[in-house]
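Below is the file coords.txt, which contains compact mmCIF, C-alpha atoms.
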# COMPACT_ATOMS: atom_id res chain seq x y z
CA MET A 1039 19.91 -11.49 -8.11
CA GLY A 1040 17.44 -11.49 -5.29
CA GLY A 1041 17.63 -13.92 -2.50
CA ASN A 1042 21.29 -13.76 -1.55
CA ALA A 1043 19.73 -12.55 1.68
CA GLY A 1044 18.95 -16.11 2.69
CA MET A 1045 20.05 -19.49 1.51
CA ILE A 1046 17.03 -21.69 1.96
CA ARG A 1047 17.46 -25.39 2.39
CA ILE A 1048 14.90 -27.98 1.45
CA GLU A 1049 13.77 -28.51 5.04
CA GLU A 1050 13.02 -24.79 5.39
CA LEU A 1051 11.39 -24.78 1.98
CA LEU A 1052 9.02 -27.53 3.06
CA GLY A 1053 8.34 -25.59 6.22
CA LEU A 1054 7.39 -22.53 4.14
CA VAL A 1055 5.25 -24.50 1.68
CA PRO A 1056 3.95 -27.44 3.72
CA GLU A 1057 1.57 -28.56 0.95
CA ALA A 1058 4.45 -29.10 -1.48
CA PRO A 1059 4.82 -32.72 -2.58
CA GLN A 1060 8.24 -33.49 -1.15
CA ALA A 1061 8.82 -36.49 -3.40
CA GLU A 1062 8.37 -34.42 -6.56
CA ILE A 1063 10.77 -31.62 -5.75
CA THR A 1064 13.89 -33.34 -7.04
CA LEU A 1065 12.00 -34.14 -10.21
CA TRP A 1066 11.06 -30.48 -10.61
CA ILE A 1067 14.70 -29.50 -10.30
CA GLU A 1068 15.78 -32.13 -12.82
CA ARG A 1069 13.23 -30.92 -15.32
CA CYS A 1070 14.25 -27.32 -14.71
CA TRP A 1071 10.77 -26.33 -13.57
CA LEU A 1072 12.48 -25.24 -10.38
CA ARG A 1073 15.97 -23.86 -10.05
CA ALA A 1074 18.26 -24.70 -7.17
CA GLU A 1075 21.94 -24.52 -6.45
CA ARG A 1076 24.12 -27.02 -4.65
CA ALA A 1077 25.63 -26.15 -1.30
CA PRO A 1078 29.23 -27.27 -0.74
CA ASP A 1079 27.86 -30.27 1.14
CA GLY A 1080 25.73 -31.27 -1.85
CA ALA A 1081 22.37 -30.21 -0.42
CA TRP A 1082 19.95 -28.19 -2.54
CA ILE A 1083 19.68 -24.52 -1.72
CA PHE A 1084 16.93 -22.20 -2.83
CA THR A 1085 16.29 -18.47 -2.94
CA GLU A 1086 13.07 -16.62 -2.11
CA VAL A 1087 11.95 -16.52 -5.71
CA ASP A 1088 12.35 -20.31 -5.78
CA VAL A 1089 10.05 -20.60 -2.78
CA ALA A 1090 7.42 -18.65 -4.71
CA ARG A 1091 8.04 -20.95 -7.64
CA VAL A 1092 7.42 -23.99 -5.43
CA ARG A 1093 4.10 -22.41 -4.40
CA LEU A 1094 3.17 -22.04 -8.04
CA LEU A 1095 4.18 -25.59 -8.91
CA THR A 1096 2.33 -26.94 -5.88
CA GLU A 1097 -0.78 -25.03 -6.83
CA LEU A 1098 -0.62 -26.37 -10.37
CA ARG A 1099 0.16 -29.97 -9.46
CA ILE A 1100 -1.86 -30.41 -6.25
CA THR A 1101 -4.68 -27.86 -6.23
CA LEU A 1102 -5.37 -27.75 -9.95
CA GLU A 1103 -4.26 -31.34 -10.56
CA VAL A 1104 -2.35 -30.51 -13.72
CA ALA A 1105 -0.93 -33.76 -15.09
CA GLU A 1106 2.83 -34.22 -15.10
CA GLU A 1107 3.00 -34.46 -18.89
CA THR A 1108 0.97 -31.27 -19.29
CA MET A 1109 3.17 -29.27 -16.95
CA PRO A 1110 5.88 -28.29 -19.48
CA VAL A 1111 3.31 -26.69 -21.77
CA VAL A 1112 1.56 -24.89 -18.94
CA LEU A 1113 4.82 -23.67 -17.43
CA SER A 1114 6.17 -22.58 -20.76
CA LEU A 1115 3.05 -20.49 -21.39
CA ILE A 1116 3.11 -18.98 -17.90
CA ASP A 1117 6.80 -18.15 -18.17
CA GLN A 1118 6.42 -16.67 -21.62
CA LEU A 1119 3.61 -14.52 -20.36
CA TYR A 1120 5.75 -13.17 -17.55
CA ASP A 1121 8.72 -12.68 -19.89
CA ALA A 1122 6.47 -10.46 -21.91
CA ARG A 1123 5.14 -8.67 -18.85
CA ARG A 1124 8.64 -8.02 -17.52
CA THR A 1125 9.66 -6.64 -20.88
CA VAL A 1126 6.62 -4.37 -21.01
CA LYS A 1127 7.35 -3.24 -17.47
CA ALA A 1128 10.96 -2.50 -18.34
CA LEU A 1129 9.90 -0.53 -21.39
CA LEU A 1130 7.30 1.40 -19.42
CA GLY A 1131 9.92 2.09 -16.77
CA ALA A 1132 12.28 3.41 -19.42
CA LEU A 1133 9.49 5.47 -20.92
CA GLU A 1134 8.74 6.99 -17.53
CA THR A 1135 12.23 8.47 -17.32
CA GLN A 1136 11.77 10.27 -20.65
CA PRO A 1137 10.71 13.90 -20.95
CA ALA A 1138 6.95 14.47 -21.13
CA PRO A 1139 6.83 15.24 -24.88
CA VAL A 1140 8.56 11.94 -25.66
CA ARG A 1141 6.16 10.06 -23.40
CA GLN A 1142 3.17 11.72 -25.01
CA ALA A 1143 4.42 10.97 -28.51
CA VAL A 1144 5.07 7.32 -27.75
CA LEU A 1145 1.71 6.95 -26.01
CA ALA A 1146 -0.18 8.59 -28.84
CA ARG A 1147 1.53 6.38 -31.39
CA ALA A 1148 0.94 3.22 -29.33
CA ARG A 1149 -2.75 4.11 -28.99
CA SER A 1150 -3.21 4.68 -32.68
CA GLN A 1151 -1.50 1.36 -33.43
CA GLY A 1152 -3.58 -0.41 -30.87
CA SER A 1153 -6.84 0.75 -32.41
CA GLU A 1154 -5.89 0.01 -35.99
CA MET B 1466 -4.51 -9.77 9.28
CA ASP B 1467 -7.96 -10.65 10.52
CA ASP B 1468 -11.27 -9.87 8.92
CA PRO B 1469 -11.61 -6.06 8.92
CA TYR B 1470 -15.37 -6.34 9.49
CA GLN B 1471 -14.70 -8.31 12.66
CA ILE B 1472 -12.07 -5.84 13.80
CA LEU B 1473 -14.55 -2.98 13.51
CA GLY B 1474 -17.37 -5.15 14.82
CA VAL B 1475 -19.72 -4.33 11.95
CA PRO B 1476 -21.68 -6.68 9.68
CA LYS B 1477 -20.65 -7.10 6.05
CA THR B 1478 -23.72 -5.13 5.10
CA ALA B 1479 -22.72 -2.10 7.20
CA SER B 1480 -23.16 1.30 5.56
CA ALA B 1481 -20.25 3.69 5.12
CA GLU B 1482 -21.66 5.74 7.98
CA GLU B 1483 -21.82 2.73 10.30
CA ILE B 1484 -18.24 1.86 9.47
CA ARG B 1485 -17.13 5.42 10.10
CA LYS B 1486 -18.89 5.48 13.46
CA ALA B 1487 -17.51 2.12 14.54
CA TYR B 1488 -14.03 3.22 13.55
CA ARG B 1489 -14.25 6.53 15.44
CA ARG B 1490 -15.50 4.79 18.55
CA LEU B 1491 -12.84 2.07 18.50
CA ALA B 1492 -10.04 4.39 17.50
CA LYS B 1493 -10.78 6.60 20.46
CA GLN B 1494 -11.06 3.62 22.77
CA TRP B 1495 -7.74 2.13 21.66
CA HIS B 1496 -5.66 5.18 20.88
CA PRO B 1497 -2.18 4.46 22.30
CA ASP B 1498 -1.96 7.93 23.80
CA THR B 1499 -5.03 7.30 25.91
CA ASN B 1500 -3.99 3.74 26.82
CA PRO B 1501 -0.42 4.10 28.05
CA ASP B 1502 -1.05 1.29 30.51
CA LYS B 1503 -2.13 -1.18 27.83
CA PRO B 1504 0.73 -2.33 25.65
CA GLU B 1505 -1.68 -4.12 23.32
CA ALA B 1506 -3.45 -0.86 22.51
CA GLU B 1507 -1.03 0.13 19.79
CA ALA B 1508 -1.46 -3.11 17.87
CA ARG B 1509 -5.22 -2.93 18.28
CA PHE B 1510 -5.21 0.68 17.14
CA LYS B 1511 -3.14 -0.16 14.08
CA ALA B 1512 -5.45 -3.03 13.18
CA ILE B 1513 -8.45 -0.74 13.59
CA SER B 1514 -6.87 1.94 11.37
CA ALA B 1515 -5.95 -0.60 8.74
CA ALA B 1516 -9.44 -2.11 8.76
CA ASN B 1517 -10.95 1.34 8.36
CA ALA B 1518 -8.55 2.28 5.59
CA LEU B 1519 -9.72 -0.75 3.67
CA LEU B 1520 -13.46 -0.53 4.35
CA SER B 1521 -13.79 3.25 4.04
CA ASP B 1522 -12.60 3.14 0.45
CA PRO B 1523 -15.55 1.86 -1.59
CA GLU B 1524 -13.31 0.51 -4.33
CA GLN B 1525 -11.00 -1.33 -1.93
CA ARG B 1526 -13.95 -2.60 0.05
CA GLY B 1527 -15.53 -3.97 -3.10
CA ARG B 1528 -12.34 -5.70 -4.08
CA PHE B 1529 -12.02 -7.19 -0.62
CA ASP B 1530 -15.63 -8.38 -0.66
CA ARG B 1531 -15.05 -10.04 -4.02
CA GLY B 1532 -11.93 -11.72 -2.65
CA GLU B 1533 -9.58 -9.91 -5.02
CA ILE B 1534 -7.45 -8.52 -2.21
CA ASP B 1535 -6.82 -9.74 1.29
CA ALA B 1536 -7.28 -7.76 4.49
CA SER B 1537 -3.83 -6.21 4.23
CA GLY B 1538 -4.78 -4.81 0.84
CA ALA B 1539 -2.42 -7.14 -0.98
CA GLU B 1540 -3.57 -8.77 -4.16
CA ARG B 1541 -5.00 -12.09 -3.15
CA ALA B 1542 -2.92 -14.52 -5.04
CA PRO B 1543 -4.75 -15.57 -8.14
CA PRO B 1544 -3.90 -19.17 -9.03
CA GLY B 1545 -0.19 -19.46 -8.49
CA GLY B 1546 0.25 -18.69 -4.81
CA GLY B 1547 1.72 -15.24 -5.26
CA TRP B 1548 3.86 -16.12 -8.22
CA ARG B 1549 2.87 -13.07 -10.19
CA GLU B 1550 4.53 -10.66 -7.78
CA TRP B 1551 7.81 -12.49 -8.16
CA ALA B 1552 7.50 -13.29 -11.83
CA GLU B 1553 7.03 -9.64 -12.71
CA ALA B 1554 9.93 -8.51 -10.55
CA PRO B 1555 13.39 -8.52 -12.10
CA GLN B 1556 14.09 -11.72 -10.15
CA GLY B 1557 11.41 -13.41 -12.25
CA ALA B 1558 13.97 -13.63 -15.05
CA ARG B 1559 15.34 -16.61 -13.17
CA TYR B 1560 12.38 -18.46 -14.66
CA GLN B 1561 12.47 -17.09 -18.14
CA SER B 1562 10.51 -19.35 -20.47
CA ARG B 1563 13.48 -20.88 -22.21
CA SER B 1564 15.25 -21.65 -18.97
CA HIS B 1565 13.24 -24.73 -18.04
CA GLY B 1566 14.00 -26.77 -21.05
CA PHE B 1567 10.71 -26.72 -22.87
CA GLY B 1568 11.82 -24.26 -25.52
CA GLY B 1569 14.94 -26.25 -26.27
CA GLU B 1570 17.69 -24.00 -25.01
CA ALA B 1571 19.85 -25.58 -22.34
CA PRO B 1572 18.92 -24.33 -18.91
CA GLY B 1573 21.27 -22.72 -16.52
CA GLY B 1574 22.83 -20.35 -19.01
CA SER B 1575 22.63 -16.65 -18.69
CA TYR B 1576 19.12 -15.40 -18.93
CA GLU B 1577 17.15 -12.20 -19.25
CA ALA B 1578 19.87 -10.12 -20.88
CA GLU B 1579 19.63 -11.87 -24.24
CA ASP B 1580 15.93 -11.66 -24.75
CA PHE B 1581 15.74 -8.10 -23.70
CA GLU B 1582 18.68 -7.10 -25.83
CA ASP B 1583 17.16 -8.97 -28.76
CA LEU B 1584 14.01 -7.04 -28.40
CA LEU B 1585 15.76 -3.71 -28.18
CA SER B 1586 17.96 -4.30 -31.17
CA ARG B 1587 14.94 -5.42 -33.15
CA ALA B 1588 13.12 -2.28 -32.14
CA PHE B 1589 15.92 0.23 -32.47
CA GLY B 1590 18.43 -1.49 -34.74
CA ALA B 1591 21.83 -2.87 -33.87
CA GLY B 1592 22.83 0.53 -32.53
CA ALA B 1593 20.83 -0.06 -29.40
CA ARG B 1594 23.00 -2.99 -28.46
CA ALA B 1595 26.36 -1.56 -29.51
CA GLN B 1596 25.86 1.83 -27.97
CA ALA B 1597 26.35 0.89 -24.38
CA GLY B 1598 28.36 -2.22 -25.05
CA GLY B 1599 25.67 -4.28 -23.38
CA ARG B 1600 25.63 -2.03 -20.37
CA ARG B 1601 22.27 -1.49 -18.88
CA ARG B 1602 21.04 0.46 -15.93
CA GLY B 1603 19.56 -1.73 -13.20
CA ALA B 1604 15.81 -1.85 -12.76
CA ASP B 1605 14.02 0.35 -10.27
CA ILE B 1606 12.34 -1.31 -7.35
CA GLN B 1607 8.95 0.10 -6.44
CA VAL B 1608 7.60 -0.40 -2.96
CA ALA B 1609 4.50 0.90 -1.18
CA LEU B 1610 5.29 2.68 2.06
CA HIS B 1611 2.47 2.80 4.57
CA VAL B 1612 3.02 5.81 6.77
CA PRO B 1613 1.05 6.69 9.90
CA PHE B 1614 -0.62 10.09 9.62
CA LEU B 1615 1.56 11.82 12.19
CA ASP B 1616 4.79 10.46 10.73
CA ALA B 1617 3.82 11.96 7.40
CA VAL B 1618 3.02 15.29 9.00
CA ARG B 1619 6.12 15.51 11.16
CA GLY B 1620 8.54 13.61 8.98
CA ALA B 1621 10.11 10.34 10.07
CA THR B 1622 12.64 7.68 9.21
CA ARG B 1623 11.32 4.24 8.42
CA GLN B 1624 13.05 0.96 7.76
CA VAL B 1625 11.57 -1.04 4.91
CA THR B 1626 12.32 -4.54 3.71
CA LEU B 1627 12.69 -4.89 -0.03
CA PRO B 1628 11.41 -7.90 -1.99
CA ASP B 1629 14.97 -9.23 -2.08
CA GLY B 1630 15.31 -9.12 1.69
CA ARG B 1631 17.50 -6.04 1.99
CA ARG B 1632 16.54 -3.48 4.59
CA VAL B 1633 16.91 0.19 3.86
CA ASN B 1634 16.15 3.34 5.79
CA LEU B 1635 13.84 5.83 4.14
CA THR B 1636 13.42 9.40 5.28
CA ILE B 1637 9.86 10.62 4.99
CA PRO B 1638 9.98 14.38 4.55
CA LYS B 1639 7.89 16.60 6.79
CA GLY B 1640 4.47 17.15 5.21
CA ALA B 1641 4.65 14.16 2.86
CA GLU B 1642 1.40 13.61 1.01
CA ASP B 1643 -0.37 10.53 -0.28
CA GLY B 1644 1.39 9.45 -3.45
CA THR B 1645 4.65 11.25 -2.66
CA VAL B 1646 7.45 9.21 -4.24
CA LEU B 1647 10.68 8.83 -2.33
CA ARG B 1648 13.63 7.94 -4.50
CA LEU B 1649 16.74 6.22 -3.19
CA ALA B 1650 19.09 6.66 -6.11
CA GLY B 1651 21.31 3.73 -6.93
CA GLN B 1652 19.68 1.39 -4.40
CA GLY B 1653 17.65 -0.58 -6.92
CA MET B 1654 18.71 -3.61 -8.93
CA PRO B 1655 22.36 -3.62 -9.96
CA GLY B 1656 23.15 -2.62 -13.52
CA ARG B 1657 24.39 -5.13 -16.10
CA GLY B 1658 27.87 -4.78 -17.48
CA GLU B 1659 30.84 -2.81 -16.31
CA GLY B 1660 30.09 0.66 -15.00
CA ALA B 1661 26.35 0.32 -15.55
CA PRO B 1662 24.48 2.32 -12.93
CA ALA B 1663 22.15 0.59 -10.51
CA GLY B 1664 18.44 1.36 -10.53
CA ASP B 1665 16.62 3.34 -7.88
CA ILE B 1666 14.24 2.44 -5.11
CA LEU B 1667 10.93 4.22 -5.54
CA ALA B 1668 8.84 4.22 -2.41
CA VAL B 1669 5.28 5.45 -2.86
CA VAL B 1670 3.86 6.97 0.31
CA GLU B 1671 0.42 5.78 1.41
CA ILE B 1672 -0.79 7.69 4.44
CA GLU B 1673 -2.90 5.91 7.02
CA PRO B 1674 -5.82 7.90 8.40
CA HIS B 1675 -5.73 9.33 11.92
CA PRO B 1676 -8.72 8.95 14.24
CA LEU B 1677 -8.74 12.65 15.13
CA PHE B 1678 -6.90 14.62 12.50
CA ARG B 1679 -7.57 15.13 8.81
CA ARG B 1680 -5.50 17.04 6.39
CA GLU B 1681 -6.60 19.76 3.98
CA GLY B 1682 -3.50 20.95 2.17
CA LYS B 1683 -1.36 22.55 4.84
CA ASP B 1684 -4.17 22.75 7.39
CA ILE B 1685 -5.00 20.09 9.94
CA LEU B 1686 -8.68 19.66 10.70
CA LEU B 1687 -9.93 18.35 14.01
CA ASP B 1688 -13.52 17.65 15.00
CA LEU B 1689 -13.84 19.02 18.53
CA PRO B 1690 -16.82 17.90 20.59
CA VAL B 1691 -17.93 20.51 23.15
CA THR B 1692 -20.71 20.54 25.70
CA LEU B 1693 -23.71 22.81 25.33
CA GLN B 1694 -22.36 24.79 28.26
CA GLU B 1695 -18.91 25.26 26.73
CA ALA B 1696 -20.39 26.33 23.40
CA LEU B 1697 -22.71 28.85 25.02
CA LEU B 1698 -20.65 30.26 27.87
CA GLY B 1699 -17.26 29.89 26.25
CA ALA B 1700 -14.47 27.86 27.73
CA ARG B 1701 -10.83 27.06 27.69
CA VAL B 1702 -10.29 23.46 26.63
CA GLU B 1703 -7.28 21.34 25.94
CA VAL B 1704 -7.10 20.13 22.35
CA PRO B 1705 -4.60 17.79 20.71
CA THR B 1706 -2.45 19.19 17.93
CA ILE B 1707 0.08 17.40 15.82
CA GLU B 1708 2.76 18.63 18.19
CA GLY B 1709 0.99 17.87 21.45
CA PRO B 1710 -1.92 19.32 23.40
CA VAL B 1711 -2.52 23.05 23.67
CA THR B 1712 -5.17 25.06 25.45
CA MET B 1713 -7.64 26.86 23.24
CA THR B 1714 -10.33 29.42 23.94
CA ILE B 1715 -13.85 28.79 22.77
CA PRO B 1716 -15.66 32.13 22.57
CA PRO B 1717 -19.14 32.37 24.08
CA TYR B 1718 -22.09 31.63 21.77
CA SER B 1719 -20.08 29.41 19.42
CA GLY B 1720 -22.47 27.42 17.28
CA GLU B 1721 -22.28 23.97 15.77
CA GLY B 1722 -19.68 23.80 13.00
CA THR B 1723 -17.80 26.92 14.12
CA ARG B 1724 -14.24 26.77 12.85
CA LEU B 1725 -11.61 27.98 15.27
CA ARG B 1726 -8.09 28.45 14.06
CA LEU B 1727 -4.91 27.59 15.90
CA ARG B 1728 -2.45 29.65 13.98
CA GLY B 1729 0.70 27.92 12.76
CA ARG B 1730 -0.25 24.53 14.20
CA GLY B 1731 -0.64 22.93 10.79
CA VAL B 1732 1.88 21.57 8.35
CA ASP B 1733 4.61 23.84 7.09
CA GLY B 1734 3.04 27.16 8.08
CA GLY B 1735 -0.54 25.89 7.82
CA HIS B 1736 -3.02 26.11 10.67
CA GLN B 1737 -4.97 23.68 12.76
CA ILE B 1738 -8.68 24.20 12.47
CA ALA B 1739 -10.95 22.89 15.20
CA VAL B 1740 -14.51 22.30 13.99
CA LEU B 1741 -16.89 22.51 16.93
CA HIS B 1742 -19.54 19.89 17.42
CA VAL B 1743 -21.99 20.71 20.17
CA VAL B 1744 -22.92 17.56 22.06
CA MET B 1745 -26.36 17.73 23.66
CA PRO B 1746 -26.68 16.43 27.22
CA LYS B 1747 -27.85 12.83 27.22
CA GLY B 1748 -30.72 13.60 29.60
CA PRO B 1749 -33.09 13.32 31.19
CA ASP B 1750 -32.21 16.62 32.85
CA PRO B 1751 -35.38 18.00 34.48
CA ALA B 1752 -33.72 21.25 35.58
CA LEU B 1753 -32.56 22.01 32.05
CA GLU B 1754 -35.94 21.08 30.61
CA ALA B 1755 -37.73 23.27 33.12
CA PHE B 1756 -35.41 26.16 32.37
CA LEU B 1757 -35.88 25.85 28.63
CA ARG B 1758 -39.66 25.67 28.91
CA ASP B 1759 -39.69 29.06 30.60
CA TRP B 1760 -36.87 30.48 28.50
CA LYS B 1761 -37.66 33.38 26.15
CA PRO B 1762 -34.76 33.91 23.72
CA GLN B 1763 -33.50 37.48 24.02
CA ASP B 1764 -32.74 37.87 20.34
CA GLY B 1765 -36.20 36.55 19.43
CA SER B 1766 -34.84 35.35 16.12
CA ASN B 1767 -36.24 32.48 14.11
CA PRO B 1768 -33.52 30.13 12.84
CA ARG B 1769 -35.82 29.11 9.99
CA ALA B 1770 -36.20 32.65 8.63
CA GLY B 1771 -34.65 33.79 5.37
CA PRO B 1772 -34.80 31.31 2.51
CA TRP B 1773 -36.80 29.01 4.74
CA ALA B 1774 -39.70 31.47 4.81
CA GLY B 1775 -40.32 30.93 1.12
CA MET B 1776 -40.51 27.17 1.55
CA ARG B 1777 -43.98 27.37 3.01
CA ALA B 1778 -45.59 28.50 -0.21
Rewrite the structure from the file as structure tokens, please.
Amino acid sequence: MGGNAGMIRIEELLGLVPEAPQAEITLWIERCWLRAERAPDGAWIFTEVDVARVRLLTELRITLEVAEETMPVVLSLIDQLYDARRTVKALLGALETQPAPVRQAVLARARSQGSE
Amino acid sequence: MDDPYQILGVPKTASAEEIRKAYRRLAKQWHPDTNPDKPEAEARFKAISAANALLSDPEQRGRFDRGEIDASGAERAPPGGGWREWAEAPQGARYQSRSHGFGGEAPGGSYEAEDFEDLLSRAFGAGARAQAGGRRRGADIQVALHVPFLDAVRGATRQVTLPDGRRVNLTIPKGAEDGTVLRLAGQGMPGRGEGAPAGDILAVVEIEPHPLFRREGKDILLDLPVTLQEALLGARVEVPTIEGPVTMTIPPYSGEGTRLRLRGRGVDGGHQIAVLHVVMPKGPDPALEAFLRDWKPQDGSNPRAGPWAGMRA
């Protein structure tokens, strides 16, 4: 997984995303909106993808003022969308490694299905 | 990065020609080779090149003006503060939809593999899952590699930082072109399951323009300003090539746009071609004016003969 490069502690996290509402972060972790691991000393540690996640959550909660009770629905939709996009990307990546005739055939078929 | 319009000192309404002129002027002024005494020149020069790369491409410029990309050419984060980049990377699976408890499944379990495997077995039958015993090749990591013009021409080694923080060295082959893909086999995301191969790193080369040189296949083109005197009387002038300056002979009576070839000074057996641009004296120059007033051209020819003659009718 990405991010083993740096273990980011909450102080650094808040330095990277100063707008983040510090008081809410524990709540986000509890609700699994944000993932974090525990360091041996019990402190939360984050990876780079988690920092990006905090930016997203901050944007939703602070900038867009999404209500707390609405967040699970919004997050679920966003995450589902990216699940789908990752899957599509993986499939396209796999398709790219195929010989040209296979690629053409799959593309042609996908187009004809798309326009039906 | 700062506003590219400010870097080039042009208004937002500047025409392509104005941008090109501003870039040429600044690039010459700040070229590191001509400013060895100014350590800040290189950074300035890079900023100027980057600003020009953005503004000289109408599509990129439009996207920048509409706020879709920032000055470094990166997608300006749509709502989400850059989440998309991460969410679409393999690391994004850390936040798969069912992992935050809304969908019901307990969080913290293993993620990504299940959904993807589900999808594959639905699409291709159970065989897809059984075949490799759950083994799966790791994902490729694609990165854009911005390469200075001369590095692409001469070949170079560059260190790049991957989205996951690893640093790798990439060798840019001599003569690399825009869009060349460099593959570092097995350096991508690790595979899943025992013995599964890792993915590759795919680095897509994007060549930054050079203030003096352009590339046409294997040839290097250079606009070479010459004085009226040099063009008419001929001269020996020093010109830059991709491998350092050389002296070149301009034959007498060389006109505007004359192409002079420096054999073998291009890329991989190509040539360098100097395109002459005759620069008129700024004037006033009374002696030259007086001379020209009394001057009767020996060849007596009319440059507007030929097809031009018919235009009168």
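Nearest to Asp1605 (chain B) of all the residues A:Ala1132, A:Ile1116, A:Leu1052, A:Ile1100 is A:Ala1132, based on all atoms listed in the file.
One distance worth recording is that between CA of Gln1556 (chain B) and CA of Pro1655 (chain B), which is 11.6 Å.
Minimum atom-to-atom distances from A:Leu1051, A:Ala1058, A:Ala1074, A:Ala1090 to chain B were compared using all atoms listed in the file, and the lowest value belongs to A:Ala1090.
Among the candidates A:Ala1143, A:Val1104, A:Ile1067, A:Ile1083, the residue lying nearest to chain B is A:Ile1067 (atoms considered: only C-alpha atoms).
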inquiry  = Excluding Glu1062 (chain A) and its own-chain neighbours fewer than 2 positions away, which residues fall within 12 Å of it when counting only C-alpha atoms? Please give them as a ChimeraX atom specification.
reply    = /A:1052,1057-1060,1064-1069,1071-1072,1092,1095-1096,1099-1100,1106
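The residue set within 9 Å of Ser1537 (chain B), counting only C-alpha atoms and dropping same-chain residues fewer than 6 places from it, reads B:Met1466, B:Asp1467, B:Ala1515, B:Ala1516, B:Leu1519.
For the pair CA of Leu1115 (chain A) and CA of Val1055 (chain A), the interatomic distance is 23.5 Å.
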Residue hits in chain A, query chain B, radius 10 Å, all atoms listed in the file, as a PyMOL selection string = chain A and resi 1039-1044+1066-1073+1085-1098+1101-1102+1109-1111+1113-1129+1131-1132
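Take CA of His1736 (chain B) and CA of Leu1687 (chain B): the distance between them is 10.9 Å.
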Just write region 1549-1560 of chain B with N, CA and C atoms, as a PDB file, in the first residue's frame, taken from the block above.
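Contents of selection35.pdb, freshly written:
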ATOM      1  N   ARG B1549      -9.551  13.084  -6.118  1.00  0.00           N
ATOM      2  CA  ARG B1549      -9.712  12.235  -7.286  1.00  0.00           C
ATOM      3  C   ARG B1549      -8.426  11.500  -7.659  1.00  0.00           C
ATOM      4  N   GLU B1550      -7.324  12.261  -7.644  1.00  0.00           N
ATOM      5  CA  GLU B1550      -6.041  11.677  -8.030  1.00  0.00           C
ATOM      6  C   GLU B1550      -5.726  10.444  -7.178  1.00  0.00           C
ATOM      7  N   TRP B1551      -6.006  10.596  -5.874  1.00  0.00           N
ATOM      8  CA  TRP B1551      -5.725   9.483  -4.972  1.00  0.00           C
ATOM      9  C   TRP B1551      -6.763   8.387  -5.114  1.00  0.00           C
ATOM     10  N   ALA B1552      -8.019   8.806  -5.210  1.00  0.00           N
ATOM     11  CA  ALA B1552      -9.095   7.815  -5.214  1.00  0.00           C
ATOM     12  C   ALA B1552      -8.985   6.906  -6.423  1.00  0.00           C
ATOM     13  N   GLU B1553      -8.461   7.437  -7.534  1.00  0.00           N
ATOM     14  CA  GLU B1553      -8.383   6.618  -8.733  1.00  0.00           C
ATOM     15  C   GLU B1553      -7.103   5.800  -8.773  1.00  0.00           C
ATOM     16  N   ALA B1554      -6.157   6.115  -7.916  1.00  0.00           N
ATOM     17  CA  ALA B1554      -4.928   5.333  -7.845  1.00  0.00           C
ATOM     18  C   ALA B1554      -5.241   4.046  -7.074  1.00  0.00           C
ATOM     19  N   PRO B1555      -4.377   3.053  -7.227  1.00  0.00           N
ATOM     20  CA  PRO B1555      -4.650   1.806  -6.502  1.00  0.00           C
ATOM     21  C   PRO B1555      -4.817   2.031  -4.992  1.00  0.00           C
ATOM     22  N   GLN B1556      -4.110   3.046  -4.466  1.00  0.00           N
ATOM     23  CA  GLN B1556      -4.226   3.318  -3.030  1.00  0.00           C
ATOM     24  C   GLN B1556      -5.643   3.687  -2.627  1.00  0.00           C
ATOM     25  N   GLY B1557      -6.417   4.191  -3.612  1.00  0.00           N
ATOM     26  CA  GLY B1557      -7.777   4.620  -3.326  1.00  0.00           C
ATOM     27  C   GLY B1557      -8.624   3.491  -2.762  1.00  0.00           C
ATOM     28  N   ALA B1558      -8.199   2.252  -2.994  1.00  0.00           N
ATOM     29  CA  ALA B1558      -8.965   1.109  -2.498  1.00  0.00           C
ATOM     30  C   ALA B1558      -9.051   1.111  -0.977  1.00  0.00           C
ATOM     31  N   ARG B1559      -8.144   1.874  -0.364  1.00  0.00           N
ATOM     32  CA  ARG B1559      -8.214   2.009   1.092  1.00  0.00           C
ATOM     33  C   ARG B1559      -9.565   2.583   1.495  1.00  0.00           C
ATOM     34  N   TYR B1560     -10.178   3.341   0.613  1.00  0.00           N
ATOM     35  CA  TYR B1560     -11.478   3.932   0.929  1.00  0.00           C
ATOM     36  C   TYR B1560     -12.574   3.391   0.024  1.00  0.00           C
TER      37      TYR B1560
END
